[in-house]
Amino acid sequence: MSRSRTATLAALALVAGASGTALAVVPGDAGVTAVPCTVDYKVQNDWGSGFTASVTVTNNSAAKSSWAVKWSYAGSQKVTNGWNAKITQSGTAVTAANESYNGTLATGGSASFGFQGTYSGSNALPTTFTLDGVTCNVDGGGPTDPGPTDPGTPGTRVDNPYAGAKVYVNPEWSAKAAAEPGGTRVSNQPTGVWLDRIAAINGANGSMGLRAHLDEALKQKGSGELVVQLVIYNLPGRDCAALASNGELGPTEIDKYKTQYIDPIKAILGDSKYAGLRIVNTIEIDSLPNLVTNTGGRVTATPQCDVMKANGNYQKGVGYALNKLGDVPNVYNYIDAGHHGWIGWDDNFAPSAALFKEAATTEGATVNDVHGFITNTANYSALKENNFTINDSVAGKSVRESKWVDWNRYVDELSFAQAFRNQLVTTGFNSGIGMLIDTSRNGWGGSARPTGPGALTTVDTYVDGGRYDRRINTGNWCNQAGAGLGERPKASPAAGIDAYVWMKPPGESDGSSSAIPNDEGKGFDRMCDPTYTGNPRNGNNLSGALPNAPVSGRWFSAQFQQLMQNAYPPLP
């Protein structure tokens with residue numbers, strides 16, 4: 001696998017024939033104006049008879065409202081399907097034209113798309129690309145493309161930390177899962193280790209601390225490669241729109257976050273003893289998107305989120321974490337990017353990416369401290385809806401007009417993650433960033449799983465009858481009834497996706513169904529009460545939560561049993 005995180009680095013060493021968003025040409029060099037566009041074509045996966053590829057085009061000429069990239073193959077390559085562009089092929093000639101949502105291409109702006117193809121014989125890279133008929137300079141590469149970020153010797157930085165590696169199995173979670181009837185079917189799966197308060201660093205209430213987990217990871221590693229997944233989750237004023245996961249730090253306690261939380265974690269991760277581990281950090285879930293969707297004059301706004309937007313401590317905290325943890329050579333930071341049912345709407349999509357860029361370039365952080373993003377963390381959005389698409393219409397109405405989709409641009413997590421990755425690159429993140437998708441609870445299997453599209457009576461019967469996600473509303477997030485385990489963790493499952501992960505350990509509660517006193521600062525959120533009739537953030541619907549749930553993070557046996565029962569793919 002070679003996504004081309006090296007392409008930008010290579011561009012800095014070249015004057016002519018370089019590509020990427022930055023050309024290393026001295027000021028005043030005529031070469032700047034002589035390159036009207038650049039194309040980065042990368043083969044991501046190649047299995048001998050087929051391949052997936054990603055293409056990023058950068059426009060260095062006048063701004064465009066539509067675009068088309070063309071190239072020709074020298075061999076038998078045939079494009080079979082694509083995403084984020086309308087791709088057609090005639091003989092060896094291929095044309096990729098913009099979709100309706102990504103036609104704007106500013107001067108200096110980039111657009112990315114991907115596709116899958118077949119071939120026989122060799123899979124030679126195209127040598128000439130045009131943008132609207134103008135020839136572009138090219139940076140091509142594939143699985144043999146060398147570079148310092150490709151998988152190499154143990155301890156070297158890699159493009160995808162999950163590729164060729166085992167992933168750490170938390171023995172504490174594994175023991176709880178194995179103790180459940182039928183739980184041994186999944187108890188060997190890797191899950192995230194949540195550092196959700198300062199005490200968790202050293203171990204709270206008899207639980208393993210960070211060093212204990214890393215020591216255990218060294219044992220599991222053996223002579224191969226191993227990924228350890230950590231959730232960095234303790235921002236000041238945490239989860240300003242969800243009381244169940246409020247944290248221990250007040251809105252203004254940014255200094256405490258830095259010195260008593262991030263700095264001790266950085267000191268442990270930086271210990272040379274652990275230099276051979278690949279450490280993946282999920283950075284502050286459910287934080288930054290709140291500043292886009294739950295502030296200001298929106299009906300979804302909360303006073304707590306307005307406070308956090310005003311004081312900037314979410315951005316400062318995320319930036320500080322990225323900067324400090326990103327200094328450790330074997331750390332890979334993935335920022336939490338919500339999910340399609342949160343920021344998939346047009347007025348949330350680009351603003352969220354812009355806010356992530358702001359956070360990633362404050363407190364000394366740069367985009368180079370960001371290895372990628374993770375979506376659907378601890379959420380339930382279906383990975384792929386196969387029975388309808390955003391382009392379908394029924395009785396003259398678009399699927400976007402259905403009550404379920406509600407004008408969202410995306411209907412599932414995979415399409416959202418791939419599209420949002422492109423938006424992030426356009427916003428200024430490195431072109432090689434990868435996405436993670438949490439599939440721990442989004443399987444939606446069992447007897448309620450539709451086997452085909454819904455009735456064509458109305459757009460609502462069509463969508464509701466065919467959708468796998470059986471929630472009442474995509475805004476429902478707490479202990480959802482009917483949910484099941486999703487795709488098992490795996491590396492490189494789709495274009496632009498580094499891995500499917502179980503970052504949220506299945507069986508750990510999202511929040512209590514009623515108020516339960518605790519010493520962790522976690523409040524009672526009515527969204528975890530099955531009798532609650534909702535608020536604007538879930539369209540004033542029932543919460544869909546399971547009853548009798550414990551405080552967030554505590555073991556919830558009934559939920560774990562349901563997740564196994566409704567797993568998709570089904571458990572053996």
# chains A, B, ... in the order shown; residues from 1 in each chain; ligands from 1
>>> residues_around(residues="A:Ala165", least_positions_apart="4", cutoff="8 Å", atoms="only C-alpha atoms", output="list in words")
Pro161, Gly224, Glu225, Leu226 and Val227 of chain A
>>> residues_around(residues="A:Ser110", least_positions_apart="2", cutoff="8 Å", atoms="only C-alpha atoms", output="PyMOL selection string")
chain A and resi 21+56-59+105-106+108+112+425-426
>>> write_last_selection(atoms="C-alpha atoms", output="PDB file, in the first residue's frame")
ATOM      1  CA  THR A  21       0.256  21.577  -3.292  1.00  0.00           C
ATOM      2  CA  THR A  56      -5.611  14.648  -6.471  1.00  0.00           C
ATOM      3  CA  VAL A  57      -5.630  17.520  -8.961  1.00  0.00           C
ATOM      4  CA  THR A  58      -4.422  20.996  -7.985  1.00  0.00           C
ATOM      5  CA  ASN A  59      -5.445  24.004 -10.064  1.00  0.00           C
ATOM      6  CA  LEU A 105     -11.764  24.625  -7.853  1.00  0.00           C
ATOM      7  CA  ALA A 106     -10.129  27.817  -6.639  1.00  0.00           C
ATOM      8  CA  GLY A 108      -4.348  26.834  -5.699  1.00  0.00           C
ATOM      9  CA  SER A 112      -9.525  14.400  -4.901  1.00  0.00           C
ATOM     10  CA  VAL A 425      -7.213  17.791   2.084  1.00  0.00           C
ATOM     11  CA  THR A 426      -8.789  20.709   0.228  1.00  0.00           C
TER      12      THR A 426
END
>>> select_by_dssp(residues="stretch 85-271 of chain A", states="alpha helix (DSSP H)", output="PyMOL selection string")
chain A and resi 171-179+199-202+210-221+254-256+263-269
>>> write_last_selection(atoms="N, CA, C and O atoms", output="CSV table (one decimal), in the first residue's frame")
chain,number,residue,atom,x,y,z
A,171,PRO,N,-6.7,-6.5,28.0
A,171,PRO,CA,-7.0,-7.7,28.8
A,171,PRO,C,-8.2,-7.5,29.7
A,171,PRO,O,-8.9,-8.4,30.0
A,172,GLU,N,-8.4,-6.2,30.2
A,172,GLU,CA,-9.5,-6.0,31.1
A,172,GLU,C,-10.8,-6.1,30.3
A,172,GLU,O,-11.8,-6.7,30.8
A,173,TRP,N,-10.9,-5.5,29.1
A,173,TRP,CA,-12.1,-5.6,28.4
A,173,TRP,C,-12.3,-7.0,27.9
A,173,TRP,O,-13.4,-7.6,28.0
A,174,SER,N,-11.2,-7.7,27.5
A,174,SER,CA,-11.3,-9.0,27.0
A,174,SER,C,-11.9,-10.0,28.1
A,174,SER,O,-12.7,-10.8,27.8
A,175,ALA,N,-11.5,-9.8,29.3
A,175,ALA,CA,-12.0,-10.6,30.4
A,175,ALA,C,-13.5,-10.4,30.6
A,175,ALA,O,-14.3,-11.4,30.9
A,176,LYS,N,-14.0,-9.1,30.6
A,176,LYS,CA,-15.4,-8.9,30.7
A,176,LYS,C,-16.2,-9.5,29.6
A,176,LYS,O,-17.3,-10.1,29.8
A,177,ALA,N,-15.7,-9.4,28.4
A,177,ALA,CA,-16.4,-9.9,27.2
A,177,ALA,C,-16.4,-11.5,27.3
A,177,ALA,O,-17.5,-12.1,27.1
A,178,ALA,N,-15.3,-12.1,27.7
A,178,ALA,CA,-15.3,-13.5,27.8
A,178,ALA,C,-16.2,-14.1,28.9
A,178,ALA,O,-16.6,-15.3,28.8
A,179,ALA,N,-16.4,-13.3,29.9
A,179,ALA,CA,-17.3,-13.7,31.0
A,179,ALA,C,-18.8,-13.8,30.6
A,179,ALA,O,-19.6,-14.4,31.3
A,199,ALA,N,-6.9,10.5,36.5
A,199,ALA,CA,-6.6,9.3,37.3
A,199,ALA,C,-6.4,8.1,36.4
A,199,ALA,O,-5.7,7.1,36.8
A,200,ALA,N,-7.0,8.1,35.2
A,200,ALA,CA,-6.8,6.9,34.3
A,200,ALA,C,-5.4,6.7,33.9
A,200,ALA,O,-5.0,5.6,33.5
A,201,ILE,N,-4.6,7.8,33.9
A,201,ILE,CA,-3.2,7.7,33.4
A,201,ILE,C,-2.4,6.7,34.3
A,201,ILE,O,-1.7,5.8,33.8
A,202,ASN,N,-2.6,6.8,35.6
A,202,ASN,CA,-1.9,5.9,36.5
A,202,ASN,C,-2.8,4.7,36.9
A,202,ASN,O,-2.3,3.7,37.5
A,210,LEU,N,-1.8,3.6,32.1
A,210,LEU,CA,-1.2,3.7,30.7
A,210,LEU,C,0.0,2.8,30.6
A,210,LEU,O,0.2,2.1,29.6
A,211,ARG,N,1.0,2.9,31.6
A,211,ARG,CA,2.2,2.1,31.5
A,211,ARG,C,1.9,0.6,31.5
A,211,ARG,O,2.5,-0.2,30.8
A,212,ALA,N,0.9,0.3,32.3
A,212,ALA,CA,0.6,-1.2,32.4
A,212,ALA,C,0.1,-1.7,31.1
A,212,ALA,O,0.4,-2.8,30.7
A,213,HIS,N,-0.7,-0.8,30.4
A,213,HIS,CA,-1.2,-1.2,29.1
A,213,HIS,C,-0.1,-1.3,28.1
A,213,HIS,O,0.0,-2.3,27.3
A,214,LEU,N,0.8,-0.4,28.1
A,214,LEU,CA,1.9,-0.4,27.2
A,214,LEU,C,2.9,-1.6,27.5
A,214,LEU,O,3.4,-2.2,26.5
A,215,ASP,N,3.1,-1.9,28.7
A,215,ASP,CA,3.9,-3.1,29.1
A,215,ASP,C,3.3,-4.3,28.6
A,215,ASP,O,3.9,-5.2,28.0
A,216,GLU,N,1.9,-4.4,28.7
A,216,GLU,CA,1.2,-5.6,28.2
A,216,GLU,C,1.3,-5.6,26.7
A,216,GLU,O,1.4,-6.7,26.1
A,217,ALA,N,1.3,-4.5,26.1
A,217,ALA,CA,1.4,-4.4,24.6
A,217,ALA,C,2.7,-4.9,24.1
A,217,ALA,O,2.8,-5.6,23.1
A,218,LEU,N,3.8,-4.7,24.8
A,218,LEU,CA,5.1,-5.2,24.5
A,218,LEU,C,5.1,-6.7,24.5
A,218,LEU,O,5.7,-7.3,23.6
A,219,LYS,N,4.4,-7.3,25.4
A,219,LYS,CA,4.3,-8.8,25.5
A,219,LYS,C,3.5,-9.3,24.3
A,219,LYS,O,3.9,-10.3,23.7
A,220,GLN,N,2.4,-8.6,24.0
A,220,GLN,CA,1.6,-9.1,22.8
A,220,GLN,C,2.3,-8.9,21.5
A,220,GLN,O,2.1,-9.6,20.5
A,221,LYS,N,3.2,-7.9,21.4
A,221,LYS,CA,3.9,-7.5,20.2
A,221,LYS,C,4.7,-8.7,19.7
A,221,LYS,O,4.7,-9.0,18.5
A,254,ILE,N,-7.8,25.0,31.2
A,254,ILE,CA,-6.9,24.5,30.1
A,254,ILE,C,-5.5,24.3,30.6
A,254,ILE,O,-4.9,23.3,30.1
A,255,ASP,N,-5.0,25.0,31.5
A,255,ASP,CA,-3.7,24.8,32.0
A,255,ASP,C,-3.6,23.5,32.8
A,255,ASP,O,-2.6,22.7,32.6
A,256,LYS,N,-4.6,23.1,33.5
A,256,LYS,CA,-4.6,21.8,34.2
A,256,LYS,C,-4.7,20.7,33.1
A,256,LYS,O,-4.0,19.6,33.3
A,263,ASP,N,0.7,16.4,29.4
A,263,ASP,CA,2.2,16.3,29.7
A,263,ASP,C,2.5,15.0,30.3
A,263,ASP,O,3.5,14.3,29.8
A,264,PRO,N,1.8,14.5,31.3
A,264,PRO,CA,2.1,13.1,31.8
A,264,PRO,C,2.0,12.0,30.7
A,264,PRO,O,2.8,11.0,30.7
A,265,ILE,N,0.9,12.1,29.9
A,265,ILE,CA,0.7,11.1,28.8
A,265,ILE,C,1.9,11.2,27.9
A,265,ILE,O,2.5,10.1,27.5
A,266,LYS,N,2.3,12.4,27.5
A,266,LYS,CA,3.4,12.5,26.5
A,266,LYS,C,4.7,11.9,27.1
A,266,LYS,O,5.5,11.3,26.4
A,267,ALA,N,5.0,12.1,28.4
A,267,ALA,CA,6.2,11.6,29.1
A,267,ALA,C,6.2,10.1,29.0
A,267,ALA,O,7.3,9.5,28.8
A,268,ILE,N,5.0,9.5,29.2
A,268,ILE,CA,5.0,8.0,29.2
A,268,ILE,C,5.2,7.5,27.7
A,268,ILE,O,5.9,6.6,27.4
A,269,LEU,N,4.4,8.1,26.8
A,269,LEU,CA,4.5,7.6,25.4
A,269,LEU,C,5.9,7.9,24.8
A,269,LEU,O,6.4,7.1,23.9
>>> closest_residue(among="A:Asn348, A:Asn98, A:Thr458, A:Asn333", to="A:Ser393", atoms="only C-alpha atoms")
A:Thr458
>>> residues_around(residues="A:Gly553", least_positions_apart="5", cutoff="7 Å", atoms="only C-alpha atoms", output="VMD selection string")
chain A and resid 508 to 510
>>> closest_residue(among="A:Gly164, A:Gly317, A:Gly428, A:Gly507", to="A:Tyr233", atoms="only C-alpha atoms")
A:Gly317
>>> select_by_dssp(residues="stretch 260-418 of chain A", states="strand (DSSP E)", output="list of chain:residue names")
A:Arg278, A:Ile279, A:Val280, A:Asn281, A:Thr282, A:Ile283, A:Val331, A:Tyr332, A:Asn333, A:Tyr334, A:Ile335, A:Asp336, A:Gly372, A:Phe373, A:Ile374, A:Thr375, A:Ser393, A:Val394, A:Lys397, A:Ser398
>>> residues_around(residues="A:Gly250", least_positions_apart="6", cutoff="10 Å", atoms="only C-alpha atoms", output="tab-separated table (two decimals) with C-alpha atoms, in the first residue's frame")
chain	number	residue	atom	x	y	z
A	235	LEU	CA	-10.93	18.50	27.42
A	236	PRO	CA	-12.00	21.39	29.64
A	237	GLY	CA	-15.79	21.70	29.48
A	238	ARG	CA	-15.90	18.33	27.71
A	256	LYS	CA	-4.65	21.80	34.17
A	257	TYR	CA	-5.45	19.89	30.99
A	521	GLY	CA	-17.95	14.20	36.86
>>> closest_atom_pairs(of="stretch 64-139 of chain A", to="stretch 402-416 of chain A", cutoff="10 Å", atoms="only C-alpha atoms", output="CSV")
residue,atom,partner,partner_atom,distance
A:Trp83,CA,A:Ser415,CA,8.5
A:Asn84,CA,A:Ser415,CA,9.2
A:Tyr101,CA,A:Arg409,CA,9.2
>>> write_last_selection(atoms="C-alpha atoms", output="compact mmCIF listing (two decimals), in the first residue's frame")
# COMPACT_ATOMS: atom_id res chain seq x y z
CA TRP A 83 -16.20 7.99 -6.03
CA ASN A 84 -16.19 11.80 -5.78
CA TYR A 101 -20.78 19.17 -4.79
>>> residues_around(residues="A:Asn476", least_positions_apart="5", cutoff="12 Å", atoms="only C-alpha atoms", output="PDB file with N, CA and C atoms, in the first residue's frame")
ATOM      1  N   ALA A 242     -23.648  17.129  25.791  1.00  0.00           N
ATOM      2  CA  ALA A 242     -24.057  15.799  26.265  1.00  0.00           C
ATOM      3  C   ALA A 242     -23.632  15.620  27.715  1.00  0.00           C
ATOM      4  N   GLY A 341     -24.185  11.716  10.447  1.00  0.00           N
ATOM      5  CA  GLY A 341     -25.423  12.248  10.978  1.00  0.00           C
ATOM      6  C   GLY A 341     -25.232  13.474  11.853  1.00  0.00           C
ATOM      7  N   TRP A 342     -24.012  13.978  11.892  1.00  0.00           N
ATOM      8  CA  TRP A 342     -23.705  15.177  12.673  1.00  0.00           C
ATOM      9  C   TRP A 342     -23.223  16.303  11.760  1.00  0.00           C
ATOM     10  N   ALA A 378     -17.734   5.715  18.976  1.00  0.00           N
ATOM     11  CA  ALA A 378     -18.778   5.481  19.971  1.00  0.00           C
ATOM     12  C   ALA A 378     -20.170   5.801  19.421  1.00  0.00           C
ATOM     13  N   ASN A 379     -20.335   5.716  18.093  1.00  0.00           N
ATOM     14  CA  ASN A 379     -21.636   6.011  17.511  1.00  0.00           C
ATOM     15  C   ASN A 379     -22.155   4.801  16.741  1.00  0.00           C
ATOM     16  N   TYR A 380     -23.293   4.983  16.089  1.00  0.00           N
ATOM     17  CA  TYR A 380     -24.052   3.857  15.552  1.00  0.00           C
ATOM     18  C   TYR A 380     -24.346   3.957  14.061  1.00  0.00           C
ATOM     19  N   SER A 381     -23.784   4.952  13.372  1.00  0.00           N
ATOM     20  CA  SER A 381     -24.111   5.152  11.959  1.00  0.00           C
ATOM     21  C   SER A 381     -23.688   3.949  11.124  1.00  0.00           C
ATOM     22  N   ASP A 469     -29.681   1.090   9.423  1.00  0.00           N
ATOM     23  CA  ASP A 469     -29.666   1.833  10.689  1.00  0.00           C
ATOM     24  C   ASP A 469     -31.105   1.987  11.166  1.00  0.00           C
ATOM     25  N   ARG A 470     -31.443   1.304  12.264  1.00  0.00           N
ATOM     26  CA  ARG A 470     -32.825   1.282  12.726  1.00  0.00           C
ATOM     27  C   ARG A 470     -33.109   2.305  13.826  1.00  0.00           C
ATOM     28  N   ARG A 471     -32.215   3.236  14.025  1.00  0.00           N
ATOM     29  CA  ARG A 471     -32.493   4.274  15.017  1.00  0.00           C
ATOM     30  C   ARG A 471     -33.699   5.121  14.602  1.00  0.00           C
ATOM     31  N   ALA A 481     -31.136   0.894  21.239  1.00  0.00           N
ATOM     32  CA  ALA A 481     -31.828  -0.392  21.165  1.00  0.00           C
ATOM     33  C   ALA A 481     -31.737  -0.935  19.740  1.00  0.00           C
ATOM     34  N   ALA A 483     -29.081  -2.187  18.209  1.00  0.00           N
ATOM     35  CA  ALA A 483     -27.764  -2.101  17.572  1.00  0.00           C
ATOM     36  C   ALA A 483     -27.029  -3.434  17.644  1.00  0.00           C
ATOM     37  N   ASP A 510     -22.923   4.123  27.282  1.00  0.00           N
ATOM     38  CA  ASP A 510     -22.792   5.513  26.849  1.00  0.00           C
ATOM     39  C   ASP A 510     -23.235   6.495  27.923  1.00  0.00           C
ATOM     40  N   ASP A 525     -27.859  12.506  31.384  1.00  0.00           N
ATOM     41  CA  ASP A 525     -28.375  13.091  30.162  1.00  0.00           C
ATOM     42  C   ASP A 525     -29.671  12.385  29.792  1.00  0.00           C
ATOM     43  N   ARG A 526     -30.722  13.160  29.565  1.00  0.00           N
ATOM     44  CA  ARG A 526     -32.022  12.566  29.272  1.00  0.00           C
ATOM     45  C   ARG A 526     -32.008  11.751  27.975  1.00  0.00           C
ATOM     46  N   MET A 527     -31.001  11.974  27.107  1.00  0.00           N
ATOM     47  CA  MET A 527     -30.914  11.165  25.894  1.00  0.00           C
ATOM     48  C   MET A 527     -30.620   9.702  26.198  1.00  0.00           C
ATOM     49  N   CYS A 528     -30.245   9.405  27.419  1.00  0.00           N
ATOM     50  CA  CYS A 528     -30.013   8.023  27.838  1.00  0.00           C
ATOM     51  C   CYS A 528     -31.220   7.426  28.544  1.00  0.00           C
ATOM     52  N   ASP A 529     -32.276   8.205  28.655  1.00  0.00           N
ATOM     53  CA  ASP A 529     -33.520   7.779  29.295  1.00  0.00           C
ATOM     54  C   ASP A 529     -34.486   7.323  28.204  1.00  0.00           C
ATOM     55  N   PRO A 530     -34.889   6.067  28.195  1.00  0.00           N
ATOM     56  CA  PRO A 530     -35.750   5.573  27.110  1.00  0.00           C
ATOM     57  C   PRO A 530     -37.109   6.252  27.039  1.00  0.00           C
ATOM     58  N   TYR A 532     -37.502   9.564  27.310  1.00  0.00           N
ATOM     59  CA  TYR A 532     -37.303  10.958  26.905  1.00  0.00           C
ATOM     60  C   TYR A 532     -37.803  11.190  25.487  1.00  0.00           C
ATOM     61  N   THR A 533     -38.533  12.271  25.280  1.00  0.00           N
ATOM     62  CA  THR A 533     -39.135  12.555  23.980  1.00  0.00           C
ATOM     63  C   THR A 533     -38.316  13.521  23.138  1.00  0.00           C
ATOM     64  N   GLY A 534     -37.087  13.814  23.550  1.00  0.00           N
ATOM     65  CA  GLY A 534     -36.136  14.451  22.668  1.00  0.00           C
ATOM     66  C   GLY A 534     -36.024  15.952  22.731  1.00  0.00           C
ATOM     67  N   ASN A 535     -35.167  16.470  21.825  1.00  0.00           N
ATOM     68  CA  ASN A 535     -34.859  17.891  21.731  1.00  0.00           C
ATOM     69  C   ASN A 535     -34.498  18.191  20.275  1.00  0.00           C
ATOM     70  N   PRO A 536     -34.195  19.430  19.936  1.00  0.00           N
ATOM     71  CA  PRO A 536     -33.909  19.738  18.528  1.00  0.00           C
ATOM     72  C   PRO A 536     -32.743  18.945  17.932  1.00  0.00           C
ATOM     73  N   ARG A 537     -31.830  18.465  18.768  1.00  0.00           N
ATOM     74  CA  ARG A 537     -30.669  17.747  18.225  1.00  0.00           C
ATOM     75  C   ARG A 537     -31.029  16.343  17.749  1.00  0.00           C
ATOM     76  N   ASN A 538     -32.191  15.825  18.138  1.00  0.00           N
ATOM     77  CA  ASN A 538     -32.637  14.540  17.574  1.00  0.00           C
ATOM     78  C   ASN A 538     -34.047  14.669  16.992  1.00  0.00           C
ATOM     79  N   GLY A 539     -34.374  15.879  16.555  1.00  0.00           N
ATOM     80  CA  GLY A 539     -35.665  16.107  15.913  1.00  0.00           C
ATOM     81  C   GLY A 539     -36.849  15.900  16.830  1.00  0.00           C
ATOM     82  N   ASN A 540     -36.623  16.060  18.153  1.00  0.00           N
ATOM     83  CA  ASN A 540     -37.692  15.883  19.150  1.00  0.00           C
ATOM     84  C   ASN A 540     -38.359  14.520  19.034  1.00  0.00           C
ATOM     85  N   ASN A 541     -37.524  13.501  18.922  1.00  0.00           N
ATOM     86  CA  ASN A 541     -37.992  12.118  18.871  1.00  0.00           C
ATOM     87  C   ASN A 541     -37.632  11.398  20.162  1.00  0.00           C
ATOM     88  N   LEU A 542     -38.204  10.217  20.344  1.00  0.00           N
ATOM     89  CA  LEU A 542     -37.789   9.380  21.463  1.00  0.00           C
ATOM     90  C   LEU A 542     -36.297   9.074  21.356  1.00  0.00           C
ATOM     91  N   SER A 543     -35.667   8.865  22.509  1.00  0.00           N
ATOM     92  CA  SER A 543     -34.212   8.709  22.550  1.00  0.00           C
ATOM     93  C   SER A 543     -33.734   7.375  21.986  1.00  0.00           C
ATOM     94  N   GLY A 544     -34.598   6.340  21.997  1.00  0.00           N
ATOM     95  CA  GLY A 544     -34.196   5.028  21.499  1.00  0.00           C
ATOM     96  C   GLY A 544     -33.197   4.312  22.388  1.00  0.00           C
ATOM     97  N   ALA A 545     -33.032   4.771  23.633  1.00  0.00           N
ATOM     98  CA  ALA A 545     -32.020   4.209  24.526  1.00  0.00           C
ATOM     99  C   ALA A 545     -32.533   2.960  25.238  1.00  0.00           C
ATOM    100  N   LEU A 546     -31.601   2.061  25.560  1.00  0.00           N
ATOM    101  CA  LEU A 546     -31.929   0.893  26.363  1.00  0.00           C
ATOM    102  C   LEU A 546     -32.167   1.294  27.815  1.00  0.00           C
TER     103      LEU A 546
END
